[in-house]
Amino acid sequence: MEDCIFCKIIKGEIPSEKVYEDEEILAFKDINPAAPIHILVIPKKHIESLLKLEEADYELVGKIQKVINKIAKQLNIEEEGFRVIVNCGKDAGQEVMHLHYHLLAGRKLGSKIVG
Ligand code: AMP
Ligand code: ZN
């Protein structure tokens with residue numbers, strides 16, 4: 001998508017600190033981290049939100065879980081733990097309309113999942 005920030009990051013038009021990349025998935029550091037480790041894992045395909053997933057995308061979504069698993073091990077956070085968040089739509093505060101998984105770790109995240 002032309003004016004999508006994450007598509008620009010994928011194309012290298014906007015710099016990012018990459019943590020993982022393959023043909024279909026990219027992971028990079030969030031520019032405004034909410035925890036010591038805050039990574040965004042995104043499909044390279046422009047999908048606006050979780051609600052816009054099509055039948056054929058579920059395999060890709062499965063691969064994203066696998067990549068999150070791999071990154072957690074790579075960063076040695078599997079013992080301490082981490083949280084994965086997907087914001088969808090207005091009330092969740094989704095700002096970037098390109099599906100992304102927040103991976104948060106590196107501090108006690110608290111028991112509440114909503115702010
Ligand atoms: P959301 O509110 O779920 O849509 O999350 C969007 C996230 O993208 C926020 O945590 C932002 O800090 C992050 N973000 C926005 N622009 C960039 C960028 N250029 N590089 C890295 N992260 C970004
Ligand atoms: Zn996009």
# chains A, B, ... in the order shown; residues from 1 in each chain; ligands from 1
>>> select_by_dssp(residues="chain A", states="helix (DSSP H, G or I)", output="MDAnalysis selection string")
chainID A and resid 5:11 50:52 55:74
>>> write_last_selection(atoms="C-alpha atoms", output="PDB file, in the first residue's frame")
ATOM      1  CA  ILE A   5       4.249   3.246   7.077  1.00  0.00           C
ATOM      2  CA  PHE A   6       4.827  -0.467   7.575  1.00  0.00           C
ATOM      3  CA  CYS A   7       4.790  -1.166   3.821  1.00  0.00           C
ATOM      4  CA  LYS A   8       7.443   1.580   3.538  1.00  0.00           C
ATOM      5  CA  ILE A   9       9.491  -0.131   6.253  1.00  0.00           C
ATOM      6  CA  ILE A  10       9.184  -3.434   4.348  1.00  0.00           C
ATOM      7  CA  LYS A  11      10.396  -1.706   1.153  1.00  0.00           C
ATOM      8  CA  LEU A  50      -7.181  -8.908  12.062  1.00  0.00           C
ATOM      9  CA  LEU A  51     -10.695  -8.458  10.712  1.00  0.00           C
ATOM     10  CA  LYS A  52      -9.438  -8.306   7.135  1.00  0.00           C
ATOM     11  CA  GLU A  55      -9.142 -17.755   4.443  1.00  0.00           C
ATOM     12  CA  ALA A  56      -5.803 -18.035   2.646  1.00  0.00           C
ATOM     13  CA  ASP A  57      -4.084 -15.786   5.222  1.00  0.00           C
ATOM     14  CA  TYR A  58      -4.434 -18.144   8.186  1.00  0.00           C
ATOM     15  CA  GLU A  59      -1.378 -20.119   7.198  1.00  0.00           C
ATOM     16  CA  LEU A  60       0.598 -16.850   7.246  1.00  0.00           C
ATOM     17  CA  VAL A  61      -0.829 -15.980  10.661  1.00  0.00           C
ATOM     18  CA  GLY A  62       0.318 -19.403  11.889  1.00  0.00           C
ATOM     19  CA  LYS A  63       3.812 -18.606  10.614  1.00  0.00           C
ATOM     20  CA  ILE A  64       3.756 -15.349  12.578  1.00  0.00           C
ATOM     21  CA  GLN A  65       3.207 -17.372  15.778  1.00  0.00           C
ATOM     22  CA  LYS A  66       6.182 -19.487  14.787  1.00  0.00           C
ATOM     23  CA  VAL A  67       8.355 -16.402  14.225  1.00  0.00           C
ATOM     24  CA  ILE A  68       7.319 -14.986  17.619  1.00  0.00           C
ATOM     25  CA  ASN A  69       8.358 -18.299  19.153  1.00  0.00           C
ATOM     26  CA  LYS A  70      11.727 -18.105  17.389  1.00  0.00           C
ATOM     27  CA  ILE A  71      12.356 -14.487  18.438  1.00  0.00           C
ATOM     28  CA  ALA A  72      11.453 -15.268  22.069  1.00  0.00           C
ATOM     29  CA  LYS A  73      14.110 -17.981  22.105  1.00  0.00           C
ATOM     30  CA  GLN A  74      16.622 -15.803  20.249  1.00  0.00           C
TER      31      GLN A  74
END
>>> residues_near_ligand(ligand="ligand 2", cutoff="8 Å", atoms="only C-alpha atoms and all ligand atoms", output="list in words")
Met1, Glu2, Asp3, Cys4, Ile5, Phe6, Cys7, Lys8, Lys44, Lys45, His46, Ile47, Glu48, Met97, His98 and Leu99 of chain A
>>> write_last_selection(atoms="C-alpha atoms", output="PDB file, in the first residue's frame")
ATOM      1  CA  MET A   1       0.000   0.000   0.000  1.00  0.00           C
ATOM      2  CA  GLU A   2       1.336   3.382  -1.090  1.00  0.00           C
ATOM      3  CA  ASP A   3       1.010   5.448   2.069  1.00  0.00           C
ATOM      4  CA  CYS A   4       1.299   2.698   4.685  1.00  0.00           C
ATOM      5  CA  ILE A   5       4.249   3.246   7.077  1.00  0.00           C
ATOM      6  CA  PHE A   6       4.827  -0.467   7.575  1.00  0.00           C
ATOM      7  CA  CYS A   7       4.790  -1.166   3.821  1.00  0.00           C
ATOM      8  CA  LYS A   8       7.443   1.580   3.538  1.00  0.00           C
ATOM      9  CA  LYS A  44       4.857  -8.413   4.357  1.00  0.00           C
ATOM     10  CA  LYS A  45       1.464  -8.648   2.709  1.00  0.00           C
ATOM     11  CA  HIS A  46      -0.577  -5.532   3.439  1.00  0.00           C
ATOM     12  CA  ILE A  47      -3.512  -6.706   5.548  1.00  0.00           C
ATOM     13  CA  GLU A  48      -5.330  -3.840   7.269  1.00  0.00           C
ATOM     14  CA  MET A  97      -3.622  -0.046   9.545  1.00  0.00           C
ATOM     15  CA  HIS A  98      -1.251  -2.886   8.684  1.00  0.00           C
ATOM     16  CA  LEU A  99      -1.675  -6.008  10.808  1.00  0.00           C
TER      17      LEU A  99
END
>>> closest_residue(among="A:Leu26, A:Leu103, A:Ala92, A:Ile31", to="ligand 1", atoms="only C-alpha atoms and all ligand atoms")
A:Ile31
>>> select_by_dssp(residues="range 20-79 of chain A", states="strand (DSSP E or B)", output="list of chain:residue names")
A:Tyr20, A:Glu21, A:Ile25, A:Leu26, A:Ala27, A:Phe28, A:Lys29, A:Ile37, A:His38, A:Ile39, A:Leu40, A:Val41, A:Ile42, A:Pro43
>>> residues_around(residues="Ile113 in chain A", least_positions_apart="2", cutoff="10 Å", atoms="only C-alpha atoms", output="PyMOL selection string")
chain A and resi 83+85+109-111+115
>>> write_last_selection(atoms="all heavy atoms", output="compact mmCIF listing (two decimals), in the first residue's frame")
# COMPACT_ATOMS: atom_id res chain seq x y z
N ARG A 83 4.51 -10.88 26.39
CA ARG A 83 3.10 -10.69 26.04
C ARG A 83 2.99 -10.34 24.56
O ARG A 83 3.82 -9.59 24.03
CB ARG A 83 2.51 -9.57 26.91
CG ARG A 83 1.03 -9.36 26.71
CD ARG A 83 0.47 -8.39 27.77
NE ARG A 83 0.43 -9.03 29.08
CZ ARG A 83 0.35 -8.35 30.23
NH1 ARG A 83 0.32 -7.04 30.24
NH2 ARG A 83 0.32 -9.01 31.37
N ILE A 85 0.34 -8.75 21.73
CA ILE A 85 -0.91 -7.97 21.61
C ILE A 85 -1.18 -7.61 20.16
O ILE A 85 -0.27 -7.21 19.43
CB ILE A 85 -0.82 -6.67 22.45
CG1 ILE A 85 -0.72 -6.99 23.94
CG2 ILE A 85 -2.03 -5.76 22.18
CD1 ILE A 85 -0.42 -5.77 24.82
N LEU A 109 5.07 -7.16 33.36
CA LEU A 109 4.09 -6.39 32.60
C LEU A 109 2.81 -6.11 33.38
O LEU A 109 1.94 -5.38 32.92
CB LEU A 109 3.78 -7.11 31.28
CG LEU A 109 4.98 -7.15 30.32
CD1 LEU A 109 4.76 -8.18 29.22
CD2 LEU A 109 5.25 -5.78 29.71
N GLY A 110 2.70 -6.65 34.56
CA GLY A 110 1.50 -6.39 35.35
C GLY A 110 0.40 -7.37 34.98
O GLY A 110 0.41 -7.95 33.91
N SER A 111 -0.56 -7.49 35.88
CA SER A 111 -1.57 -8.52 35.66
C SER A 111 -2.70 -8.03 34.75
O SER A 111 -3.47 -8.80 34.23
CB SER A 111 -2.15 -8.98 36.99
OG SER A 111 -2.67 -7.85 37.67
N GLY A 115 -5.45 -1.00 29.72
CA GLY A 115 -5.01 0.18 30.45
C GLY A 115 -6.17 1.08 30.82
O GLY A 115 -7.29 0.85 30.46
>>> closest_residue(among="A:Leu104, A:Val19, A:Ile42, A:Ala27", to="Glu78 in chain A", atoms="only C-alpha atoms")
A:Leu104
>>> residues_near_ligand(ligand="ligand 1", cutoff="9 Å", atoms="only C-alpha atoms and all ligand atoms", output="ChimeraX atom specification")
/A:5-6,8-9,14-17,28-34,38-40,85-89,92-102
>>> atom_distance(atom1="CA of Val84 in chain A", atom2="CA of Val41 in chain A")
9.8 Å
>>> atom_distance(atom1="CA of Phe82 in chain A", atom2="CA of Ala35 in chain A")
10.2 Å
>>> closest_residue(among="A:Ile37, A:Glu54, A:Pro43, A:Ser49", to="Ile77 in chain A", atoms="only C-alpha atoms")
A:Ile37
>>> atom_distance(atom1="CA of Ile25 in chain A", atom2="CA of Asn76 in chain A")
20.5 Å
>>> residues_around(residues="Glu80 in chain A", least_positions_apart="5", cutoff="9 Å", atoms="only C-alpha atoms", output="PDB file with N, CA and C atoms, in the first residue's frame")
ATOM      1  N   ALA A 105       8.316  -7.518  26.337  1.00  0.00           N
ATOM      2  CA  ALA A 105       9.037  -8.297  27.343  1.00  0.00           C
ATOM      3  C   ALA A 105      10.094  -7.426  28.005  1.00  0.00           C
ATOM      4  N   GLY A 106      10.790  -8.029  28.994  1.00  0.00           N
ATOM      5  CA  GLY A 106      11.930  -7.344  29.600  1.00  0.00           C
ATOM      6  C   GLY A 106      11.593  -6.668  30.909  1.00  0.00           C
ATOM      7  N   ARG A 107      10.340  -6.717  31.300  1.00  0.00           N
ATOM      8  CA  ARG A 107       9.956  -6.223  32.635  1.00  0.00           C
ATOM      9  C   ARG A 107       8.644  -6.904  33.009  1.00  0.00           C
ATOM     10  N   LYS A 108       8.320  -6.835  34.298  1.00  0.00           N
ATOM     11  CA  LYS A 108       7.041  -7.374  34.744  1.00  0.00           C
ATOM     12  C   LYS A 108       5.957  -6.519  34.113  1.00  0.00           C
TER      13      LYS A 108
END
